[in-house]
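Report on the structure given below.
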Amino acid sequence: MNYLSTRGDATPRQFCDILLEGLAPDGGLYLPERYPQLTSAELARLRGVWRQQGYAALAFEILSLYIDDIPAADLRAICDKTYTQQVFGTAAITPLKKLSNGFYLEALSNGPTLAFKDMAMQLLGHLFEYELKRRGQQLNILGATSGDTGSAAEYAMRGKQGIRVFMLSPHGRMSAFQQAQMFSLQDDNIHNIAIEGVFDDCQDIVKAVSGDLTFKRQHQIGTVNSINWARLLAQVVYYFAGYFQATQSDDEPVDFTVPSGNFGNVCAGHVARMMGLPIGQLVVATNENDVLDEFFRTGRYRVRSSADTFETSSPSMDISKASNFERFVADVLGRDGARVQALFADALARDGEFSLPAELQAWRDHGQAWASGKSTHADRLATIRDVYEQHGVMIDTHTADGVKVARQHQRPGAPMIVLETALPIKFAATIREALGREPERPAGLEGIEDLPRRVQVLPADAAQVKALIARHCA
Ligand SMILES: *Cc1c(COP(=O)(O)O)cnc(C)c1O
């Protein structure tokens with residue numbers, strides 16, 4: 001399988017060429033040149049593999065369709081190491097929880113950091129270690145986080161050969177639980193750096209360090225951002241696992257609702273449907289930051305400024321610009337690289353928006369159903385309360401946005417699966433506000449706030465961050 005840029009650069013690349021890269025050289029995102037098409041016989045075979053051998057075997061089957069440059073036995077070993085009961089809490093890895101007839105939650109947040117990003121990041125850790133070893137290279141991952149992504153990256157890369165992580169976070173601004181999760185890691189290759197500033201200061205430092213090309217090359221600086229194709233591919237697998245659990249055979253359509261921010265999670269659902277998985281509708285749920293809801297209602301994509309980006313109680317969805325959205329638009333435009341370039345490089349830079357109502361309608365008419373909705377803080381509280389009272393299940397704020405929007409789009413006879421993207425313990429303040437009680441704490445995490453911490457506080461100064469990296473790489 002070759003990978004091409006959404007903006008038209010057609011230099012063919014293999015999976016491992018793009019694994020350690022960010023954007024394509026022309027500023028686009030990588031996509032496979034085509035989506036493998038599954039016949040109904042192949043879909044039935046995958047269901048059998050999943051039923052008899054489990055999630056890791058299913059992951060291997062799907063990844064194999066997109067990866068030619070890792071020997072099958074090695075890829076199988078990587079999948080088997082990644083998707084274990086020990087790491088993800090259950091043998092099913094992503095079990096469905098039934099809330100009512102035909103309405104399910106798919107549990108994606110039982111990994112080490114209790115958010116769905118572990119599903120992809122854990123795989124990425126093993127893939128990176130494998131490929132760096134094969135090349136005899138080292139990688140220093142530099143990132144900025146306000147919570148979920150940074151901790152998922154650290155738990156995926158801890159103890160991995162050839163990899164160090166330097167993770168910047170705004171000093172004193174993450175939740176107590178998130179700080180405890182990250183700072184309690186004692187691994188030598190994980191470096192927590194608390195910056196005296198806000199999240200934007202952290203991001204500016206990452207940009208400044210990565211923008212110094214000499215320093216970047218000399219110290220093998222890389223990232224693990226959400227546009228990485230391997231992350232997206234890992235997420236395709238749980239749409240299949242969810243589908244198989246909700247159905248008996250492969251001719252029933254199933255709808256999915258996905259709490260969305262950077263469009264990575266739901267884009268994986270789009271890929272699964274393009275491969276032939278019978279997904280009826282994909283429903284995009286947003287919070288008050290409704291860039292994506294606006295697009296799917298009107299065809300107008302209008303990015304927001306940071307001043308117009310709200311801080312909400314589902315903070316992992318507080319985005320103003322959906323970094324993976326370009327992949328979907330490239331498919332809607334029939335992979336016309338020049339048009340994608342004109343929209344994402346030119347129109348967005350000039351006007352901050354573009355409109356594609358006719359193209360979106362044509363896409364829907366083509367059997368690709370999309371729906372969307374938004375949820376507010378008040379909706380979130382009401383949904384958390386309602387699901388707890390009616391079903392005895394405590395859900396987090398992001399999943400609550402999903403449930404609220406899913407209920408508006410459920411169709412008679414079609415199962416609806418809402419992707420559960422985090423556990424409530426990560427967002428305790430809102431749970432207390434909704435339920436007047438403390439969130440449930442998974443076993444093994446009692447007292448995590450009292451563990452010794454490994455973190456250095458630095459001023460918001462790129463030079464000092466560079467000096468720290470150089471010291472550790474010497
Ligand atoms: C990252 C995240 C999201 C948004 O996922 P995208 O792939 O960016 O759309 C939703 N919920 C939680 C808890 C997250 O961590």
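Chains: A, B, ... in order of the structure tokens. Residues: from 1 per chain. Ligands: from 1, in order shown.
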
Next on the checklist: Hey, which residues sit close to ligand 1? Say within 7 Å, counting only C-alpha atoms and all ligand atoms, and write them as a ChimeraX atom specification.
Outcome noted: /A:115-117,148-149,259-266,316-317,398,421-422

Selected residues, N, CA, C and O atoms, written as a PDB file, in the first residue's frame, please.
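Result file out.pdb:
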ATOM      1  N   ALA A 115      -8.466   7.085  28.869  1.00  0.00           N
ATOM      2  CA  ALA A 115      -9.092   7.807  27.758  1.00  0.00           C
ATOM      3  C   ALA A 115      -8.805   7.041  26.468  1.00  0.00           C
ATOM      4  O   ALA A 115      -7.840   6.279  26.390  1.00  0.00           O
ATOM      5  N   PHE A 116      -9.635   7.253  25.446  1.00  0.00           N
ATOM      6  CA  PHE A 116      -9.550   6.417  24.247  1.00  0.00           C
ATOM      7  C   PHE A 116      -8.233   6.593  23.503  1.00  0.00           C
ATOM      8  O   PHE A 116      -7.871   5.752  22.684  1.00  0.00           O
ATOM      9  N   LYS A 117      -7.481   7.654  23.785  1.00  0.00           N
ATOM     10  CA  LYS A 117      -6.218   7.860  23.070  1.00  0.00           C
ATOM     11  C   LYS A 117      -5.237   6.716  23.309  1.00  0.00           C
ATOM     12  O   LYS A 117      -4.370   6.459  22.484  1.00  0.00           O
ATOM     13  N   ASP A 148      -5.082  14.933  28.216  1.00  0.00           N
ATOM     14  CA  ASP A 148      -5.178  13.551  27.740  1.00  0.00           C
ATOM     15  C   ASP A 148      -4.046  13.080  26.817  1.00  0.00           C
ATOM     16  O   ASP A 148      -3.529  11.988  26.973  1.00  0.00           O
ATOM     17  N   THR A 149      -3.678  13.891  25.832  1.00  0.00           N
ATOM     18  CA  THR A 149      -2.715  13.414  24.840  1.00  0.00           C
ATOM     19  C   THR A 149      -1.354  13.166  25.455  1.00  0.00           C
ATOM     20  O   THR A 149      -0.706  12.158  25.188  1.00  0.00           O
ATOM     21  N   PRO A 259     -17.952  11.491  20.081  1.00  0.00           N
ATOM     22  CA  PRO A 259     -17.580  12.792  20.656  1.00  0.00           C
ATOM     23  C   PRO A 259     -16.312  13.281  19.956  1.00  0.00           C
ATOM     24  O   PRO A 259     -15.302  12.582  19.970  1.00  0.00           O
ATOM     25  N   SER A 260     -16.378  14.454  19.320  1.00  0.00           N
ATOM     26  CA  SER A 260     -15.314  14.820  18.381  1.00  0.00           C
ATOM     27  C   SER A 260     -14.661  16.154  18.687  1.00  0.00           C
ATOM     28  O   SER A 260     -15.312  17.093  19.153  1.00  0.00           O
ATOM     29  N   GLY A 261     -13.366  16.210  18.391  1.00  0.00           N
ATOM     30  CA  GLY A 261     -12.600  17.448  18.517  1.00  0.00           C
ATOM     31  C   GLY A 261     -11.774  17.643  17.267  1.00  0.00           C
ATOM     32  O   GLY A 261     -12.115  18.409  16.374  1.00  0.00           O
ATOM     33  N   ASN A 262     -10.667  16.907  17.179  1.00  0.00           N
ATOM     34  CA  ASN A 262      -9.791  17.007  16.020  1.00  0.00           C
ATOM     35  C   ASN A 262     -10.190  16.093  14.864  1.00  0.00           C
ATOM     36  O   ASN A 262      -9.450  15.969  13.899  1.00  0.00           O
ATOM     37  N   PHE A 263     -11.340  15.433  14.974  1.00  0.00           N
ATOM     38  CA  PHE A 263     -11.887  14.613  13.888  1.00  0.00           C
ATOM     39  C   PHE A 263     -11.056  13.352  13.629  1.00  0.00           C
ATOM     40  O   PHE A 263     -11.188  12.709  12.598  1.00  0.00           O
ATOM     41  N   GLY A 264     -10.192  12.960  14.592  1.00  0.00           N
ATOM     42  CA  GLY A 264      -9.396  11.754  14.395  1.00  0.00           C
ATOM     43  C   GLY A 264     -10.232  10.502  14.612  1.00  0.00           C
ATOM     44  O   GLY A 264     -10.215   9.570  13.803  1.00  0.00           O
ATOM     45  N   ASN A 265     -10.994  10.491  15.708  1.00  0.00           N
ATOM     46  CA  ASN A 265     -11.770   9.322  16.063  1.00  0.00           C
ATOM     47  C   ASN A 265     -12.828   9.022  14.992  1.00  0.00           C
ATOM     48  O   ASN A 265     -12.898   7.916  14.457  1.00  0.00           O
ATOM     49  N   VAL A 266     -13.626  10.020  14.644  1.00  0.00           N
ATOM     50  CA  VAL A 266     -14.710   9.763  13.685  1.00  0.00           C
ATOM     51  C   VAL A 266     -14.160   9.540  12.273  1.00  0.00           C
ATOM     52  O   VAL A 266     -14.758   8.829  11.464  1.00  0.00           O
ATOM     53  N   SER A 316     -11.301  18.098  26.229  1.00  0.00           N
ATOM     54  CA  SER A 316     -10.544  17.458  25.147  1.00  0.00           C
ATOM     55  C   SER A 316     -11.212  17.675  23.798  1.00  0.00           C
ATOM     56  O   SER A 316     -10.686  17.261  22.768  1.00  0.00           O
ATOM     57  N   MET A 317     -12.382  18.310  23.795  1.00  0.00           N
ATOM     58  CA  MET A 317     -13.051  18.638  22.537  1.00  0.00           C
ATOM     59  C   MET A 317     -13.058  20.148  22.287  1.00  0.00           C
ATOM     60  O   MET A 317     -13.767  20.622  21.402  1.00  0.00           O
ATOM     61  N   HIS A 398     -17.314  13.969  28.102  1.00  0.00           N
ATOM     62  CA  HIS A 398     -17.220  13.845  26.643  1.00  0.00           C
ATOM     63  C   HIS A 398     -18.210  12.798  26.124  1.00  0.00           C
ATOM     64  O   HIS A 398     -18.894  13.000  25.126  1.00  0.00           O
ATOM     65  N   THR A 421     -15.277   7.909  25.439  1.00  0.00           N
ATOM     66  CA  THR A 421     -13.904   8.352  25.177  1.00  0.00           C
ATOM     67  C   THR A 421     -13.070   8.599  26.428  1.00  0.00           C
ATOM     68  O   THR A 421     -11.864   8.793  26.312  1.00  0.00           O
ATOM     69  N   ALA A 422     -13.671   8.645  27.607  1.00  0.00           N
ATOM     70  CA  ALA A 422     -12.865   8.793  28.841  1.00  0.00           C
ATOM     71  C   ALA A 422     -13.688   8.280  30.012  1.00  0.00           C
ATOM     72  O   ALA A 422     -14.911   8.087  29.902  1.00  0.00           O
TER      73      ALA A 422
END

Next on the checklist: Excluding stretch 191-202 of chain A and its own-chain neighbours fewer than 3 positions away, which residues fall within 9 Å of it when counting only C-alpha atoms? Please give them as a ChimeraX atom specification.
Outcome noted: /A:143-146,154,164-173,182-183,185,187-188,205-207,454-461,465

Checklist entry - To one decimal place, how far is atom CA of A:Thr214 from atom CA of A:Asp9 in Å? => result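 Between atom CA of A:Thr214 and atom CA of A:Asp9 the gap works out to 25.1 Å.
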
Item to check | Test item: residues at most 8 Å from stretch 38-55 of chain A, only C-alpha atoms, excluding those fewer than 6 positions along its chain, as a ChimeraX atom specification | outcome: /A:61,83,91-93,241,244,249-250,275-277

Report as JSON lines: every residue of stretch 380-428 of chain A with an atom at most 10 Å from stretch 96-99 of chain A, its closest pair of atoms, and their distance in Å to one decimal, counting only C-alpha atoms, with rows sorted by chain and ascending residue number.
{"residue": "A:Val387", "atom": "CA", "partner": "A:Leu99", "partner_atom": "CA", "distance": 8.2}
{"residue": "A:Gln390", "atom": "CA", "partner": "A:Leu99", "partner_atom": "CA", "distance": 8.7}
{"residue": "A:His391", "atom": "CA", "partner": "A:Leu99", "partner_atom": "CA", "distance": 6.2}
{"residue": "A:Gly392", "atom": "CA", "partner": "A:Leu99", "partner_atom": "CA", "distance": 9.2}
{"residue": "A:Val393", "atom": "CA", "partner": "A:Leu99", "partner_atom": "CA", "distance": 8.2}
{"residue": "A:Ile417", "atom": "CA", "partner": "A:Leu96", "partner_atom": "CA", "distance": 8.2}
{"residue": "A:Val418", "atom": "CA", "partner": "A:Leu96", "partner_atom": "CA", "distance": 9.4}
{"residue": "A:Leu419", "atom": "CA", "partner": "A:Leu96", "partner_atom": "CA", "distance": 9.3}
{"residue": "A:Glu420", "atom": "CA", "partner": "A:Leu96", "partner_atom": "CA", "distance": 9.7}

Checklist entry - Where in stretch 206-391 of chain A does DSSP assign strand (DSSP E), given as a PyMOL selection string? => result chain A and resi 221-222+254-259+279-286+300-302+353-355+369-374

Checklist outcome for this item: Taken to one decimal, the atom CA of A:Val405-atom CA of A:Thr298 distance is 17.1 Å

Checklist entry - Which one is closest to A:Leu445: A:Pro112, A:Gly8, A:Gly28, A:Gly334? Count only C-alpha atoms. => result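 Selected residue with least distance to A:Leu445: A:Pro112.
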
Checklist entry - Can you list every residue in stretch 402-453 of chain A that DSSP puts in alpha helix (DSSP H), as an MDAnalysis selection string? => result chainID A and resid 402:409 428:435

Store the residues of this selection in a file with C-alpha atoms, as a PDB file, in the first residue's frame.
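result-v2.pdb written:
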ATOM      1  CA  GLY A 402     -22.052  11.777  22.619  1.00  0.00           C
ATOM      2  CA  VAL A 403     -25.082  10.297  24.386  1.00  0.00           C
ATOM      3  CA  LYS A 404     -26.998  13.566  24.187  1.00  0.00           C
ATOM      4  CA  VAL A 405     -26.484  13.873  20.426  1.00  0.00           C
ATOM      5  CA  ALA A 406     -26.954  10.129  19.760  1.00  0.00           C
ATOM      6  CA  ARG A 407     -30.421  10.230  21.333  1.00  0.00           C
ATOM      7  CA  GLN A 408     -31.445  12.869  18.787  1.00  0.00           C
ATOM      8  CA  HIS A 409     -30.362  10.694  15.878  1.00  0.00           C
ATOM      9  CA  ALA A 428     -14.279  14.840  38.835  1.00  0.00           C
ATOM     10  CA  ALA A 429     -15.447  18.439  39.328  1.00  0.00           C
ATOM     11  CA  THR A 430     -18.232  18.127  36.727  1.00  0.00           C
ATOM     12  CA  ILE A 431     -19.302  14.725  38.062  1.00  0.00           C
ATOM     13  CA  ARG A 432     -19.652  16.285  41.530  1.00  0.00           C
ATOM     14  CA  GLU A 433     -21.660  19.115  40.013  1.00  0.00           C
ATOM     15  CA  ALA A 434     -23.971  16.693  38.167  1.00  0.00           C
ATOM     16  CA  LEU A 435     -24.389  13.948  40.748  1.00  0.00           C
TER      17      LEU A 435
END

Next on the checklist: Neighbouring residues of A:Thr223 were defined as those with any atom within 8 Å, considering only C-alpha atoms; residues of the same chain fewer than 4 positions away were excluded. Please report them as a PyMOL selection string.
Outcome noted: chain A and resi 22+141-143

Using C-alpha atoms, can you write the selected residues to a file as a PDB file, in the first residue's frame?
ATOM      1  CA  GLY A  22       4.200  14.538  10.675  1.00  0.00           C
ATOM      2  CA  ILE A 141       9.422  13.269  21.341  1.00  0.00           C
ATOM      3  CA  LEU A 142       8.601  16.850  22.226  1.00  0.00           C
ATOM      4  CA  GLY A 143       4.993  17.718  22.945  1.00  0.00           C
TER       5      GLY A 143
END

Checklist entry - Pick the closest to A:Arg304 from A:Lys321, A:His219, A:Arg135, A:Lys466: which is it, counting only C-alpha atoms? => result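 Closest candidate: A:Lys321.
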